[in-house]
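Student: This one is upload17.csv, CSV, C-alpha atoms.
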```
chain,number,residue,atom,x,y,z
A,1,GLN,CA,130.7,-15.8,-42.6
A,2,VAL,CA,127.1,-15.0,-43.6
A,3,GLN,CA,126.3,-16.2,-47.1
A,4,LEU,CA,123.0,-15.8,-48.8
A,5,VAL,CA,122.5,-16.9,-52.4
A,6,GLU,CA,119.4,-16.2,-54.4
A,7,SER,CA,118.1,-18.2,-57.4
A,8,GLY,CA,115.0,-18.7,-59.5
A,9,GLY,CA,114.7,-15.4,-61.3
A,10,GLY,CA,114.0,-15.1,-65.0
A,11,LEU,CA,111.8,-13.6,-67.7
A,12,VAL,CA,108.1,-14.0,-67.4
A,13,GLU,CA,105.0,-12.5,-69.0
A,14,PRO,CA,102.6,-10.4,-67.0
A,15,GLY,CA,100.3,-12.6,-65.0
A,16,GLY,CA,103.0,-15.3,-64.7
A,17,SER,CA,104.6,-16.8,-61.7
A,18,LEU,CA,108.1,-17.4,-60.4
A,19,ARG,CA,109.5,-19.0,-57.2
A,20,LEU,CA,112.6,-17.5,-55.8
A,21,SER,CA,114.9,-19.4,-53.5
A,22,CYS,CA,117.5,-18.3,-51.0
A,23,ALA,CA,120.1,-20.6,-49.6
A,24,ALA,CA,121.7,-19.5,-46.3
A,25,SER,CA,124.9,-20.5,-44.6
A,26,GLY,CA,127.4,-19.2,-42.0
A,27,PHE,CA,124.8,-18.3,-39.3
A,28,THR,CA,122.1,-20.0,-37.3
A,29,PHE,CA,119.3,-19.6,-39.8
A,30,SER,CA,116.5,-20.6,-37.5
A,31,LEU,CA,117.3,-17.7,-35.1
A,32,GLN,CA,117.0,-15.0,-37.7
A,33,TRP,CA,114.1,-13.2,-39.3
A,34,ILE,CA,114.8,-13.3,-43.1
A,35,TYR,CA,113.8,-10.6,-45.6
A,36,TRP,CA,113.3,-10.2,-49.3
A,37,VAL,CA,114.2,-6.8,-50.8
A,38,ARG,CA,114.3,-5.7,-54.4
A,39,GLN,CA,115.9,-3.0,-56.5
A,40,ALA,CA,114.6,-1.8,-59.8
A,41,PRO,CA,116.9,0.2,-62.2
A,42,GLY,CA,117.3,3.8,-61.0
A,43,LYS,CA,115.3,3.2,-57.8
A,44,GLU,CA,116.2,2.6,-54.2
A,45,LEU,CA,116.3,-0.7,-52.5
A,46,GLU,CA,112.7,-1.6,-51.4
A,47,TRP,CA,111.6,-4.0,-48.7
A,48,VAL,CA,109.2,-6.6,-50.1
A,49,SER,CA,108.5,-9.2,-47.4
A,50,ASP,CA,109.8,-10.8,-44.2
A,51,ILE,CA,109.2,-13.9,-42.1
A,52,ASN,CA,109.8,-14.7,-38.5
A,53,LEU,CA,111.8,-17.4,-36.9
A,54,ASP,CA,109.3,-20.3,-37.3
A,55,GLY,CA,107.4,-19.0,-40.3
A,56,THR,CA,104.2,-18.2,-38.4
A,57,THR,CA,104.4,-14.4,-39.1
A,58,THR,CA,104.8,-13.0,-42.5
A,59,ARG,CA,104.6,-9.4,-43.7
A,60,TYR,CA,104.4,-7.9,-47.2
A,61,THR,CA,104.7,-4.5,-48.7
A,62,ASP,CA,101.2,-3.3,-49.9
A,63,SER,CA,102.0,-3.7,-53.6
A,64,VAL,CA,102.6,-7.4,-53.4
A,65,LYS,CA,100.0,-8.4,-50.8
A,66,GLY,CA,97.8,-11.2,-52.1
A,67,ARG,CA,100.2,-12.1,-54.9
A,68,PHE,CA,103.5,-13.0,-53.1
A,69,ALA,CA,104.0,-15.6,-50.4
A,70,ILE,CA,107.1,-16.0,-48.3
A,71,SER,CA,108.1,-19.3,-46.6
A,72,ARG,CA,111.1,-20.9,-45.0
A,73,ASP,CA,112.6,-24.3,-44.4
A,74,ASN,CA,114.6,-24.2,-41.2
A,75,VAL,CA,115.8,-27.8,-41.7
A,76,ASN,CA,117.6,-27.0,-45.0
A,77,ASN,CA,118.3,-23.4,-44.3
A,78,LYS,CA,116.3,-22.1,-47.2
A,79,MET,CA,113.8,-19.4,-47.8
A,80,TYR,CA,111.3,-18.9,-50.7
A,81,LEU,CA,109.3,-16.3,-52.3
A,82,GLN,CA,106.4,-17.5,-54.5
A,83,MET,CA,105.4,-14.7,-56.8
A,84,ASN,CA,102.1,-15.0,-58.7
A,85,ASN,CA,100.2,-12.6,-61.0
A,86,LEU,CA,103.5,-10.8,-61.7
A,87,LYS,CA,103.3,-7.3,-63.1
A,88,PRO,CA,105.9,-5.2,-65.0
A,89,GLU,CA,106.5,-3.1,-62.0
A,90,ASP,CA,107.7,-6.2,-60.1
A,91,SER,CA,110.8,-6.2,-62.4
A,92,ALA,CA,113.9,-5.8,-60.3
A,93,VAL,CA,116.8,-7.6,-58.8
A,94,TYR,CA,115.6,-9.6,-55.8
A,95,TYR,CA,117.7,-10.2,-52.7
A,96,CYS,CA,117.4,-12.1,-49.5
A,97,ALA,CA,118.8,-10.3,-46.5
A,98,LEU,CA,119.1,-10.2,-42.8
A,99,ASN,CA,117.2,-6.9,-42.4
A,100,LYS,CA,114.8,-4.8,-44.3
A,101,HIS,CA,117.5,-2.5,-45.5
A,102,GLY,CA,119.3,-5.3,-47.3
A,103,GLY,CA,122.0,-6.1,-44.8
A,104,SER,CA,124.2,-9.1,-45.7
A,105,ARG,CA,122.2,-9.6,-48.9
A,106,GLY,CA,123.4,-12.0,-51.6
A,107,PRO,CA,124.3,-11.3,-55.3
A,108,GLY,CA,120.6,-11.2,-56.2
A,109,THR,CA,118.5,-12.8,-58.9
A,110,GLN,CA,117.0,-10.8,-61.8
A,111,VAL,CA,113.2,-10.9,-62.3
A,112,THR,CA,111.9,-9.4,-65.5
A,113,VAL,CA,108.2,-9.1,-66.2
A,114,SER,CA,107.5,-8.2,-69.8
A,115,PRO,CA,105.2,-9.3,-72.7
```
I'd like the structure from this file rewritten - as structure tokens, please.
Tutor:
Amino acid sequence: QVQLVESGGGLVEPGGSLRLSCAASGFTFSLQWIYWVRQAPGKELEWVSDINLDGTTTRYTDSVKGRFAISRDNVNNKMYLQMNNLKPEDSAVYYCALNKHGGSRGPGTQVTVSP
């Protein structure tokens, strides 16, 4: 079955960086677009970024453009989200998923941006 497991979250000060990882199994990773979504307390799930099959096309929600970078490793079935210049409003649980609505998402990894 599809399994996605996120890691790499933590507590960071504003302006700091984190690199999230997503390990995938149970499906043909190289044949799927992969998505990052996030959910802050009391808010709806929000699409953050996605990447096409070979990594040549990436898309970002406006609030993270220029600060976040998505990438993938089809050999090792992993995806990454490099997050730079983090802001308090980036605080959320981050999930990797198989669609922009969070389908098949993993347990998530908490990102907290606070002084």
Student: From the list A:Lys78, A:Lys100, A:Arg19, A:Lys87, which residue is nearest A:Thr61 when using only C-alpha atoms?
Tutor: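 Between A:Lys78, A:Lys100, A:Arg19, A:Lys87, the residue approaching A:Thr61 most closely is A:Lys100.
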Student: I'd like the neighbourhood of A:Val113 as number ranges by chain, where a residue qualifies if any of its atoms comes within 8 Å (using only C-alpha atoms), though same-chain residues fewer than 4 positions away should be ignored.
Tutor: A: 11-14, 86-91
Student: Quick one: residues within 12 Å of stretch 68-77 of chain A, all atoms listed in the file, excluding same-chain residues fewer than 3 positions away - as a ChimeraX atom specification?
Tutor: /A:3-5,16-37,48-65,80-87,90,96
Student: Measure the distance from atom CA of A:Gln1 to atom CA of A:Pro107 in Å and round it to one decimal.
Tutor: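 Separating atom CA of A:Gln1 from atom CA of A:Pro107 is a distance of 14.9 Å.
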Student: Tell me which of A:Pro115, A:Leu45, A:Tyr94, A:His101 sits closest to A:Glu6, counting all atoms listed in the file.
Tutor: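 Selected residue with least distance to A:Glu6: A:Tyr94.
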